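Here is the file run.cif (mmCIF, C-alpha atoms).
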```cif
data_start
loop_
_atom_site.group_PDB
_atom_site.id
_atom_site.type_symbol
_atom_site.label_atom_id
_atom_site.label_comp_id
_atom_site.auth_asym_id
_atom_site.auth_seq_id
_atom_site.Cartn_x
_atom_site.Cartn_y
_atom_site.Cartn_z
ATOM 1 C CA MET A 1 85.448 90.645 51.929
ATOM 2 C CA LYS A 2 82.891 89.709 54.526
ATOM 3 C CA SER A 3 83.817 86.324 55.931
ATOM 4 C CA SER A 4 87.263 84.849 56.425
ATOM 5 C CA ALA A 5 86.306 81.728 54.448
ATOM 6 C CA LYS A 6 85.481 83.917 51.489
ATOM 7 C CA PHE A 7 88.785 85.721 51.955
ATOM 8 C CA VAL A 8 90.828 82.509 51.995
ATOM 9 C CA ALA A 9 88.956 81.150 48.994
ATOM 10 C CA PHE A 10 89.541 84.366 47.060
ATOM 11 C CA THR A 11 93.275 84.276 47.853
ATOM 12 C CA GLY A 12 93.350 80.641 46.750
ATOM 13 C CA ILE A 13 91.703 81.506 43.442
ATOM 14 C CA LEU A 14 94.243 84.274 42.879
ATOM 15 C CA ALA A 15 97.127 81.883 43.668
ATOM 16 C CA ALA A 16 95.740 79.377 41.160
ATOM 17 C CA LEU A 17 95.405 82.130 38.580
ATOM 18 C CA ALA A 18 99.030 83.193 39.157
ATOM 19 C CA VAL A 19 100.236 79.602 38.738
ATOM 20 C CA VAL A 20 98.220 79.103 35.535
ATOM 21 C CA LEU A 21 99.498 82.352 34.050
ATOM 22 C CA SER A 22 103.142 81.463 34.727
ATOM 23 C CA LEU A 23 102.515 77.977 33.341
ATOM 24 C CA LEU A 24 101.026 79.420 30.142
ATOM 25 C CA GLU A 25 103.936 81.806 29.873
ATOM 26 C CA ASN A 26 106.434 78.942 30.094
ATOM 27 C CA LEU A 27 104.679 77.261 27.170
ATOM 28 C CA LEU A 28 105.545 80.177 24.921
ATOM 29 C CA PRO A 29 108.585 79.350 22.805
ATOM 30 C CA PRO A 30 111.688 81.251 23.937
ATOM 31 C CA VAL A 31 112.525 84.204 21.718
ATOM 32 C CA PRO A 32 116.017 83.731 20.273
ATOM 33 C CA GLY A 33 118.548 86.189 21.611
ATOM 34 C CA MET A 34 116.642 86.758 24.838
ATOM 35 C CA PRO A 35 118.685 86.183 27.968
ATOM 36 C CA PRO A 36 117.595 83.621 30.557
ATOM 37 C CA GLY A 37 115.112 84.974 33.061
ATOM 38 C CA ALA A 38 113.583 87.435 30.624
ATOM 39 C CA LYS A 39 109.861 86.842 30.801
ATOM 40 C CA LEU A 40 106.654 88.749 30.394
ATOM 41 C CA GLY A 41 105.760 88.146 34.025
ATOM 42 C CA LEU A 42 102.036 87.746 33.423
ATOM 43 C CA SER A 43 101.495 86.333 36.900
ATOM 44 C CA ASN A 44 102.844 89.593 38.321
ATOM 45 C CA ILE A 45 99.503 91.109 37.331
ATOM 46 C CA VAL A 46 97.913 88.821 39.914
ATOM 47 C CA SER A 47 100.460 89.362 42.685
ATOM 48 C CA MET A 48 100.297 93.102 42.114
ATOM 49 C CA TYR A 49 96.525 93.101 42.343
ATOM 50 C CA ALA A 50 96.781 91.053 45.535
ATOM 51 C CA ALA A 51 99.372 93.410 47.038
ATOM 52 C CA GLY A 52 97.273 96.445 46.189
ATOM 53 C CA CYS A 53 93.725 95.313 46.851
ATOM 54 C CA VAL A 54 93.762 92.179 49.017
ATOM 55 C CA GLY A 55 96.595 92.605 51.485
ATOM 56 C CA PHE A 56 100.278 92.116 52.183
ATOM 57 C CA PHE A 57 100.125 88.581 53.577
ATOM 58 C CA PRO A 58 97.801 87.125 50.929
ATOM 59 C CA ALA A 59 100.077 88.600 48.260
ATOM 60 C CA MET A 60 103.166 87.033 49.863
ATOM 61 C CA ALA A 61 101.302 83.717 50.193
ATOM 62 C CA ILE A 62 100.497 83.791 46.477
ATOM 63 C CA SER A 63 104.187 84.290 45.676
ATOM 64 C CA LEU A 64 105.069 81.353 47.929
ATOM 65 C CA VAL A 65 102.544 79.098 46.163
ATOM 66 C CA LYS A 66 104.023 80.129 42.823
ATOM 67 C CA GLY A 67 107.540 79.360 44.066
ATOM 68 C CA LEU A 68 106.414 75.972 45.363
ATOM 69 C CA PHE A 69 104.853 75.196 41.998
ATOM 70 C CA ALA A 70 108.092 76.118 40.203
ATOM 71 C CA PHE A 71 109.988 73.892 42.638
ATOM 72 C CA LEU A 72 107.672 70.933 41.977
ATOM 73 C CA THR A 73 107.633 71.275 38.203
ATOM 74 C CA ARG A 74 111.033 72.702 37.324
ATOM 75 C CA GLY A 75 113.352 71.735 40.160
ATOM 76 C CA ILE A 76 115.127 73.320 43.061
ATOM 77 C CA THR A 77 117.022 76.007 41.140
ATOM 78 C CA ALA A 78 113.888 77.340 39.457
ATOM 79 C CA GLY A 79 111.972 77.036 42.735
ATOM 80 C CA LEU A 80 114.514 79.081 44.662
ATOM 81 C CA MET A 81 114.707 81.737 41.967
ATOM 82 C CA SER A 82 110.936 81.991 41.631
ATOM 83 C CA THR A 83 110.368 82.194 45.399
ATOM 84 C CA ALA A 84 113.056 84.804 45.985
ATOM 85 C CA GLY A 85 111.961 86.865 42.991
ATOM 86 C CA GLY A 86 108.273 86.634 43.846
ATOM 87 C CA LEU A 87 108.617 87.536 47.524
ATOM 88 C CA PHE A 88 110.989 90.436 46.928
ATOM 89 C CA SER A 89 108.984 91.896 44.054
ATOM 90 C CA THR A 90 105.713 91.575 45.991
ATOM 91 C CA LEU A 91 107.300 93.373 48.937
ATOM 92 C CA ILE A 92 108.499 96.203 46.685
ATOM 93 C CA VAL A 93 105.174 96.512 44.863
ATOM 94 C CA TRP A 94 103.267 96.597 48.157
ATOM 95 C CA LEU A 95 105.613 99.264 49.552
ATOM 96 C CA LEU A 96 105.416 101.473 46.468
ATOM 97 C CA LEU A 97 101.698 101.060 45.875
ATOM 98 C CA LYS A 98 100.326 101.155 49.412
ATOM 99 C CA LYS A 99 102.899 103.091 51.412
ATOM 100 C CA LEU A 100 104.658 105.435 49.017
ATOM 101 C CA ARG A 101 101.696 106.034 46.689
ATOM 102 C CA PHE A 102 103.424 105.372 43.385
ATOM 103 C CA GLY A 103 101.387 104.843 40.226
ATOM 104 C CA LEU A 104 100.697 101.405 38.746
ATOM 105 C CA LEU A 105 103.318 101.772 36.014
ATOM 106 C CA GLY A 106 106.106 102.777 38.395
ATOM 107 C CA ALA A 107 105.257 100.136 40.983
ATOM 108 C CA SER A 108 104.945 97.462 38.309
ATOM 109 C CA ALA A 109 108.284 98.331 36.698
ATOM 110 C CA ALA A 110 109.966 98.415 40.111
ATOM 111 C CA GLY A 111 108.402 95.054 40.935
ATOM 112 C CA ALA A 112 109.738 93.520 37.720
ATOM 113 C CA LEU A 113 113.195 94.954 38.440
ATOM 114 C CA ALA A 114 113.061 93.608 42.001
ATOM 115 C CA HIS A 115 112.077 90.193 40.613
ATOM 116 C CA ASN A 116 115.067 90.177 38.270
ATOM 117 C CA ALA A 117 117.413 91.481 40.966
ATOM 118 C CA ALA A 118 116.473 88.758 43.448
ATOM 119 C CA GLN A 119 116.796 86.081 40.765
ATOM 120 C CA LEU A 120 120.193 87.365 39.721
ATOM 121 C CA MET A 121 121.321 87.305 43.350
ATOM 122 C CA ILE A 122 120.290 83.650 43.664
ATOM 123 C CA ALA A 123 121.912 82.800 40.329
ATOM 124 C CA CYS A 124 125.034 84.603 41.504
ATOM 125 C CA LEU A 125 125.119 82.585 44.730
ATOM 126 C CA LEU A 126 124.544 79.308 42.879
ATOM 127 C CA THR A 127 127.104 79.845 40.153
ATOM 128 C CA SER A 128 129.374 82.849 39.926
ATOM 129 C CA SER A 129 129.299 86.547 39.235
ATOM 130 C CA ALA A 130 129.374 85.648 35.528
ATOM 131 C CA VAL A 131 125.566 85.883 35.478
ATOM 132 C CA LEU A 132 125.827 89.644 36.068
ATOM 133 C CA TYR A 133 126.711 89.859 32.383
ATOM 134 C CA TYR A 134 122.978 89.616 31.688
ATOM 135 C CA ALA A 135 122.016 92.335 34.168
ATOM 136 C CA PRO A 136 121.714 95.323 31.801
ATOM 137 C CA ILE A 137 119.435 93.506 29.316
ATOM 138 C CA LEU A 138 117.355 92.224 32.199
ATOM 139 C CA VAL A 139 116.958 95.782 33.495
ATOM 140 C CA LEU A 140 115.692 97.017 30.127
ATOM 141 C CA LEU A 141 113.420 94.040 29.457
ATOM 142 C CA GLY A 142 112.212 94.044 33.058
ATOM 143 C CA THR A 143 111.200 97.687 32.842
ATOM 144 C CA ALA A 144 109.398 97.057 29.553
ATOM 145 C CA SER A 145 107.528 94.011 30.835
ATOM 146 C CA GLY A 146 106.747 95.869 34.064
ATOM 147 C CA ILE A 147 105.134 98.674 32.077
ATOM 148 C CA LEU A 148 103.105 96.135 30.085
ATOM 149 C CA THR A 149 101.827 94.284 33.162
ATOM 150 C CA GLY A 150 101.133 97.619 34.860
ATOM 151 C CA LEU A 151 99.038 98.696 31.872
ATOM 152 C CA ALA A 152 97.200 95.381 31.926
ATOM 153 C CA LEU A 153 96.394 95.795 35.606
ATOM 154 C CA GLY A 154 95.278 99.361 34.974
ATOM 155 C CA VAL A 155 92.708 98.025 32.504
ATOM 156 C CA LEU A 156 91.642 95.155 34.766
ATOM 157 C CA LEU A 157 91.418 97.025 38.071
ATOM 158 C CA PRO A 158 88.079 98.852 37.777
ATOM 159 C CA PRO A 159 86.011 95.713 37.020
ATOM 160 C CA LEU A 160 87.982 93.700 39.600
ATOM 161 C CA GLU A 161 87.311 96.250 42.317
ATOM 162 C CA LYS A 162 83.614 96.153 41.475
ATOM 163 C CA LEU A 163 83.721 92.364 41.798
ATOM 164 C CA GLN A 164 85.537 92.485 45.125
ATOM 165 C CA ARG A 165 82.966 94.739 46.748
ATOM 166 C CA ARG A 166 80.210 92.144 46.382
ATOM 167 C CA MET B 167 84.195 104.955 38.979
ATOM 168 C CA SER B 168 87.924 105.385 38.881
ATOM 169 C CA SER B 169 90.371 103.086 40.565
ATOM 170 C CA ARG B 170 92.090 103.800 43.871
ATOM 171 C CA PHE B 171 95.397 103.408 42.070
ATOM 172 C CA PRO B 172 96.219 105.873 39.298
ATOM 173 C CA LEU B 173 98.053 104.409 36.335
ATOM 174 C CA PHE B 174 100.837 106.955 36.481
ATOM 175 C CA ARG B 175 102.163 109.483 38.963
ATOM 176 C CA LYS B 176 105.042 111.846 38.424
ATOM 177 C CA ARG B 177 107.111 110.009 41.035
ATOM 178 C CA ASP B 178 107.022 106.916 38.822
ATOM 179 C CA LEU B 179 109.638 108.692 36.746
ATOM 180 C CA LEU B 180 112.074 108.008 39.611
ATOM 181 C CA ILE B 181 111.761 104.283 38.917
ATOM 182 C CA PHE B 182 112.363 104.724 35.192
ATOM 183 C CA LEU B 183 115.326 106.986 35.894
ATOM 184 C CA LEU B 184 116.782 104.370 38.234
ATOM 185 C CA ALA B 185 116.289 101.683 35.572
ATOM 186 C CA ALA B 186 118.025 103.828 32.951
ATOM 187 C CA VAL B 187 120.993 104.483 35.244
ATOM 188 C CA LEU B 188 121.271 100.801 36.178
ATOM 189 C CA ALA B 189 121.119 99.685 32.544
ATOM 190 C CA GLY B 190 123.650 102.313 31.499
ATOM 191 C CA ALA B 191 126.066 101.313 34.249
ATOM 192 C CA GLY B 192 125.575 97.662 33.338
ATOM 193 C CA PHE B 193 126.270 98.164 29.651
ATOM 194 C CA LEU B 194 129.592 99.791 30.562
ATOM 195 C CA GLN B 195 130.888 96.366 31.588
ATOM 196 C CA TRP B 196 130.259 95.193 28.018
ATOM 197 C CA LEU B 197 132.808 97.581 26.608
ATOM 198 C CA PRO B 198 135.831 95.702 25.351
ATOM 199 C CA LYS B 199 138.362 95.489 28.101
ATOM 200 C CA SER B 200 142.078 95.565 27.697
ATOM 201 C CA GLY B 201 144.346 92.699 28.590
ATOM 202 C CA ALA B 202 144.741 89.170 27.356
ATOM 203 C CA PRO B 203 141.478 87.185 27.377
ATOM 204 C CA VAL B 204 141.564 84.486 30.028
ATOM 205 C CA ALA B 205 138.818 81.873 30.347
ATOM 206 C CA VAL B 206 137.676 81.153 33.897
ATOM 207 C CA ILE B 207 135.620 77.999 34.314
ATOM 208 C CA GLU B 208 133.689 77.545 37.536
ATOM 209 C CA GLN B 209 131.544 74.739 38.909
ATOM 210 C CA ASP B 210 129.494 75.042 42.121
ATOM 211 C CA GLY B 211 131.130 78.410 42.705
ATOM 212 C CA LYS B 212 134.624 76.938 42.702
ATOM 213 C CA GLU B 213 137.149 77.808 40.053
ATOM 214 C CA ILE B 214 138.297 74.656 38.330
ATOM 215 C CA ARG B 215 140.257 75.981 35.383
ATOM 216 C CA ARG B 216 141.827 79.269 34.351
ATOM 217 C CA VAL B 217 143.535 79.417 30.985
ATOM 218 C CA GLU B 218 144.740 82.201 28.737
ATOM 219 C CA LEU B 219 142.882 81.784 25.446
ATOM 220 C CA SER B 220 145.840 82.584 23.216
ATOM 221 C CA SER B 221 147.989 79.975 24.960
ATOM 222 C CA ILE B 222 145.732 77.046 24.053
ATOM 223 C CA PRO B 223 147.778 75.011 21.565
ATOM 224 C CA GLN B 224 145.047 72.796 20.115
ATOM 225 C CA PRO B 225 141.308 72.170 20.585
ATOM 226 C CA GLU B 226 140.561 70.390 23.813
ATOM 227 C CA THR B 227 137.269 69.252 25.318
ATOM 228 C CA LEU B 228 136.674 69.462 29.026
ATOM 229 C CA VAL B 229 133.884 67.295 30.449
ATOM 230 C CA LEU B 230 132.501 68.428 33.791
ATOM 231 C CA ASP B 231 130.703 65.564 35.439
ATOM 232 C CA GLY B 232 128.019 66.152 37.977
ATOM 233 C CA GLU B 233 124.301 65.722 38.281
ATOM 234 C CA ILE B 234 124.176 67.484 34.920
ATOM 235 C CA SER B 235 127.140 66.877 32.653
ATOM 236 C CA VAL B 236 128.564 69.815 30.724
ATOM 237 C CA THR B 237 131.128 69.698 27.922
ATOM 238 C CA ILE B 238 133.302 72.709 27.248
ATOM 239 C CA LEU B 239 135.403 73.148 24.121
ATOM 240 C CA LEU B 240 138.621 75.097 24.519
ATOM 241 C CA GLU B 241 140.155 76.232 21.250
ATOM 242 C CA PRO B 242 142.963 78.630 20.424
ATOM 243 C CA GLY B 243 141.467 82.063 21.061
ATOM 244 C CA GLN B 244 137.948 80.935 21.964
ATOM 245 C CA VAL B 245 135.879 78.829 24.307
ATOM 246 C CA SER B 246 132.307 77.507 24.142
ATOM 247 C CA ILE B 247 129.933 75.181 25.942
ATOM 248 C CA ILE B 248 129.156 72.570 23.296
ATOM 249 C CA HIS B 249 127.002 70.176 25.272
ATOM 250 C CA SER B 250 124.891 70.194 28.412
ATOM 251 C CA ASP B 251 122.372 67.722 29.771
ATOM 252 C CA CYS B 252 120.274 70.595 31.089
ATOM 253 C CA PRO B 253 116.757 71.148 29.721
ATOM 254 C CA ASP B 254 117.004 74.783 28.665
ATOM 255 C CA GLN B 255 120.301 74.733 26.677
ATOM 256 C CA ILE B 256 120.803 78.445 27.296
ATOM 257 C CA CYS B 257 124.528 77.914 27.858
ATOM 258 C CA VAL B 258 124.953 76.059 24.561
ATOM 259 C CA ASN B 259 122.940 78.652 22.664
ATOM 260 C CA THR B 260 125.141 81.407 24.055
ATOM 261 C CA GLY B 261 127.728 80.358 21.479
ATOM 262 C CA THR B 262 131.409 81.074 21.343
ATOM 263 C CA LEU B 263 133.165 83.399 23.758
ATOM 264 C CA THR B 264 136.210 85.327 22.638
ATOM 265 C CA ARG B 265 136.255 88.736 24.367
ATOM 266 C CA PRO B 266 136.750 89.721 28.008
ATOM 267 C CA GLY B 267 133.394 90.354 29.686
ATOM 268 C CA GLN B 268 131.532 87.597 27.840
ATOM 269 C CA SER B 269 130.143 84.650 29.727
ATOM 270 C CA ALA B 270 128.104 81.480 29.271
ATOM 271 C CA VAL B 271 126.237 80.122 32.251
ATOM 272 C CA CYS B 272 124.452 76.829 32.828
ATOM 273 C CA LEU B 273 122.345 77.431 35.922
ATOM 274 C CA PRO B 274 120.995 73.898 36.343
ATOM 275 C CA ALA B 275 124.519 72.461 36.268
ATOM 276 C CA ARG B 276 125.929 75.410 38.231
ATOM 277 C CA VAL B 277 128.676 75.791 35.668
ATOM 278 C CA SER B 278 129.893 79.075 34.302
ATOM 279 C CA VAL B 279 132.510 80.073 31.780
ATOM 280 C CA ARG B 280 133.539 83.690 31.639
ATOM 281 C CA ILE B 281 136.304 85.615 29.992
ATOM 282 C CA VAL B 282 138.253 88.119 31.993
ATOM 283 C CA GLY B 283 140.885 90.491 30.703
ATOM 284 C CA GLU B 284 144.131 89.964 32.484
ATOM 285 C CA ASN B 285 146.928 92.484 32.343
ATOM 286 C CA ASN B 286 150.515 91.459 32.593
ATOM 287 C CA SER B 287 150.626 93.376 35.854
ATOM 288 C CA GLY B 288 148.495 90.536 37.183
ATOM 289 C CA ILE B 289 145.878 92.390 39.196
ATOM 290 C CA ASP B 290 143.518 89.421 39.222
ATOM 291 C CA GLY B 291 146.238 87.101 40.444
ATOM 292 C CA MET B 292 149.487 85.700 39.179
ATOM 293 C CA THR B 293 149.696 82.380 37.431
ATOM 294 C CA GLY B 294 153.430 82.108 37.820
#
```
Could you write out this file's structure as structure tokens?
Amino acid sequence: MKSSAKFVAFTGILAALAVVLSLLENLLPPVPGMPPGAKLGLSNIVSMYAAGCVGFFPAMAISLVKGLFAFLTRGITAGLMSTAGGLFSTLIVWLLLKKLRFGLLGASAAGALAHNAAQLMIACLLTSSAVLYYAPILVLLGTASGILTGLALGVLLPPLEKLQRR
Amino acid sequence: MSSRFPLFRKRDLLIFLLAAVLAGAGFLQWLPKSGAPVAVIEQDGKEIRRVELSSIPQPETLVLDGEISVTILLEPGQVSIIHSDCPDQICVNTGTLTRPGQSAVCLPARVSVRIVGENNSGIDGMTG
């Protein structure tokens, strides 16, 4: 990125993309038998790309925008859960990808798990420890969706990196 | 050219191992627990009702008023959330709870119903 205006604009585009992806995902009908909070996490592709290739602070900013959007459209509970989950998972992904040199699949799965863990914590604080009943399914589904989003990013990264160098 | 980030490294297995251990430990809590099933109903983190399921004489509905109203049906041996004003209806779709360890949660209303197994030794507290 050459100029700071370009940098801010690029981060803004990524934030918009993350919001649109989570919006699209919410339009999908819920699969019966799935516990609350189990999602594909398509927008994690964007926050992971940001954490890996743009920078720590832009990636955190994107998560904040996503949380704000959830707050505006789905209320305070969803907003809190989305913000906590997004920030924590972005932090973990950034750590694993940039500092500890994990692969995309591992970092993505860990990010999904971190997202679920932070959301469960918030849910726990808001209601009671009864929500922990869902934890094991969330761990399994989170790992699966993390692997899927990691694969997706693996496919998308080479062309994206080419684009970013312009 | 190849990406700066490889898709998979051997150390990624650590994450998957951790996930497997976490899931395994979590599923242990699903095993049927001993003791008489007792329904614990909480709103805003405060316990508002604790009743042994087998001691419920006849069906009774419990309406929890709040920003979002939730109706709970207590029956002999089982409990369920039968109505909620919340948009997602996850708590209602959870269905009927009968065994210790099960729970139904309505996040928007901050209401939870869970079943705990209580021994006669009264580790979780005496009801008198």
**Message:** I'd like the neighbourhood of Leu197 of chain B as a PyMOL selection string, where a residue qualifies if any of its atoms comes within 10 Å (using all atoms listed in the file), though same-chain residues fewer than 6 positions away should be ignored.
**Reply:** chain B and resi 265-267
Show me, as an mmCIF file with C-alpha atoms, in the coordinates of the input, every residue of chain B with an atom at most 9 Å from chain A, counting only C-alpha atoms.
```
data_model
loop_
_atom_site.group_PDB
_atom_site.id
_atom_site.type_symbol
_atom_site.label_atom_id
_atom_site.label_comp_id
_atom_site.auth_asym_id
_atom_site.auth_seq_id
_atom_site.Cartn_x
_atom_site.Cartn_y
_atom_site.Cartn_z
ATOM 1 C CA MET B 167 84.195 104.955 38.979
ATOM 2 C CA SER B 168 87.924 105.385 38.881
ATOM 3 C CA SER B 169 90.371 103.086 40.565
ATOM 4 C CA ARG B 170 92.090 103.800 43.871
ATOM 5 C CA PHE B 171 95.397 103.408 42.070
ATOM 6 C CA PRO B 172 96.219 105.873 39.298
ATOM 7 C CA LEU B 173 98.053 104.409 36.335
ATOM 8 C CA PHE B 174 100.837 106.955 36.481
ATOM 9 C CA ARG B 175 102.163 109.483 38.963
ATOM 10 C CA LYS B 176 105.042 111.846 38.424
ATOM 11 C CA ARG B 177 107.111 110.009 41.035
ATOM 12 C CA ASP B 178 107.022 106.916 38.822
ATOM 13 C CA LEU B 179 109.638 108.692 36.746
ATOM 14 C CA LEU B 180 112.074 108.008 39.611
ATOM 15 C CA ILE B 181 111.761 104.283 38.917
ATOM 16 C CA PHE B 182 112.363 104.724 35.192
ATOM 17 C CA ALA B 185 116.289 101.683 35.572
ATOM 18 C CA ALA B 186 118.025 103.828 32.951
ATOM 19 C CA LEU B 188 121.271 100.801 36.178
ATOM 20 C CA ALA B 189 121.119 99.685 32.544
ATOM 21 C CA GLY B 190 123.650 102.313 31.499
ATOM 22 C CA ALA B 191 126.066 101.313 34.249
ATOM 23 C CA GLY B 192 125.575 97.662 33.338
ATOM 24 C CA PHE B 193 126.270 98.164 29.651
ATOM 25 C CA GLN B 195 130.888 96.366 31.588
ATOM 26 C CA TRP B 196 130.259 95.193 28.018
ATOM 27 C CA GLU B 208 133.689 77.545 37.536
ATOM 28 C CA GLN B 209 131.544 74.739 38.909
ATOM 29 C CA ASP B 210 129.494 75.042 42.121
ATOM 30 C CA GLY B 211 131.130 78.410 42.705
ATOM 31 C CA LYS B 212 134.624 76.938 42.702
ATOM 32 C CA ILE B 256 120.803 78.445 27.296
ATOM 33 C CA ASN B 259 122.940 78.652 22.664
ATOM 34 C CA THR B 260 125.141 81.407 24.055
ATOM 35 C CA GLY B 267 133.394 90.354 29.686
ATOM 36 C CA GLN B 268 131.532 87.597 27.840
ATOM 37 C CA SER B 269 130.143 84.650 29.727
ATOM 38 C CA ALA B 270 128.104 81.480 29.271
ATOM 39 C CA VAL B 271 126.237 80.122 32.251
ATOM 40 C CA CYS B 272 124.452 76.829 32.828
ATOM 41 C CA LEU B 273 122.345 77.431 35.922
ATOM 42 C CA PRO B 274 120.995 73.898 36.343
ATOM 43 C CA ALA B 275 124.519 72.461 36.268
ATOM 44 C CA ARG B 276 125.929 75.410 38.231
ATOM 45 C CA VAL B 277 128.676 75.791 35.668
ATOM 46 C CA SER B 278 129.893 79.075 34.302
ATOM 47 C CA VAL B 279 132.510 80.073 31.780
ATOM 48 C CA ARG B 280 133.539 83.690 31.639
ATOM 49 C CA ILE B 281 136.304 85.615 29.992
#
```
**Non-local contacts of Phe10 of chain A (10 Å; only C-alpha atoms; under 4 positions in same chain excluded) as a list of chain:residue names** = A:Met1, A:Ser4, A:Ala5, A:Lys6, A:Leu14, A:Ala15, A:Ala16, A:Ala50, A:Val54, A:Pro58, A:Gln164
Residues as selected, C-alpha atoms, written as a compact mmCIF listing (two decimals), in the frame of the given file, can you do that?
```
# COMPACT_ATOMS: atom_id res chain seq x y z
CA MET A 1 85.45 90.64 51.93
CA SER A 4 87.26 84.85 56.42
CA ALA A 5 86.31 81.73 54.45
CA LYS A 6 85.48 83.92 51.49
CA LEU A 14 94.24 84.27 42.88
CA ALA A 15 97.13 81.88 43.67
CA ALA A 16 95.74 79.38 41.16
CA ALA A 50 96.78 91.05 45.54
CA VAL A 54 93.76 92.18 49.02
CA PRO A 58 97.80 87.12 50.93
CA GLN A 164 85.54 92.48 45.12
```
**Request:** Pick out the closest residue to Trp94 of chain A from this set: A:Pro29, A:Gly12, A:Gly41, A:Gly111. Count only C-alpha atoms.
**Result:** A:Gly111
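Nearest-residue note for Asn26 of chain A: choosing from A:Leu40, A:Ala84, A:Leu95, A:Ala112, the minimum distance belongs to A:Leu40, counting all atoms listed in the file.
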**Request:** Report as a PyMOL selection string the full result of the PyMOL selection byres ((chain B and resi 251) around 10) when it is applied to this structure.
**Result:** chain B and resi 233-237+249-250+252-255+272+274-275
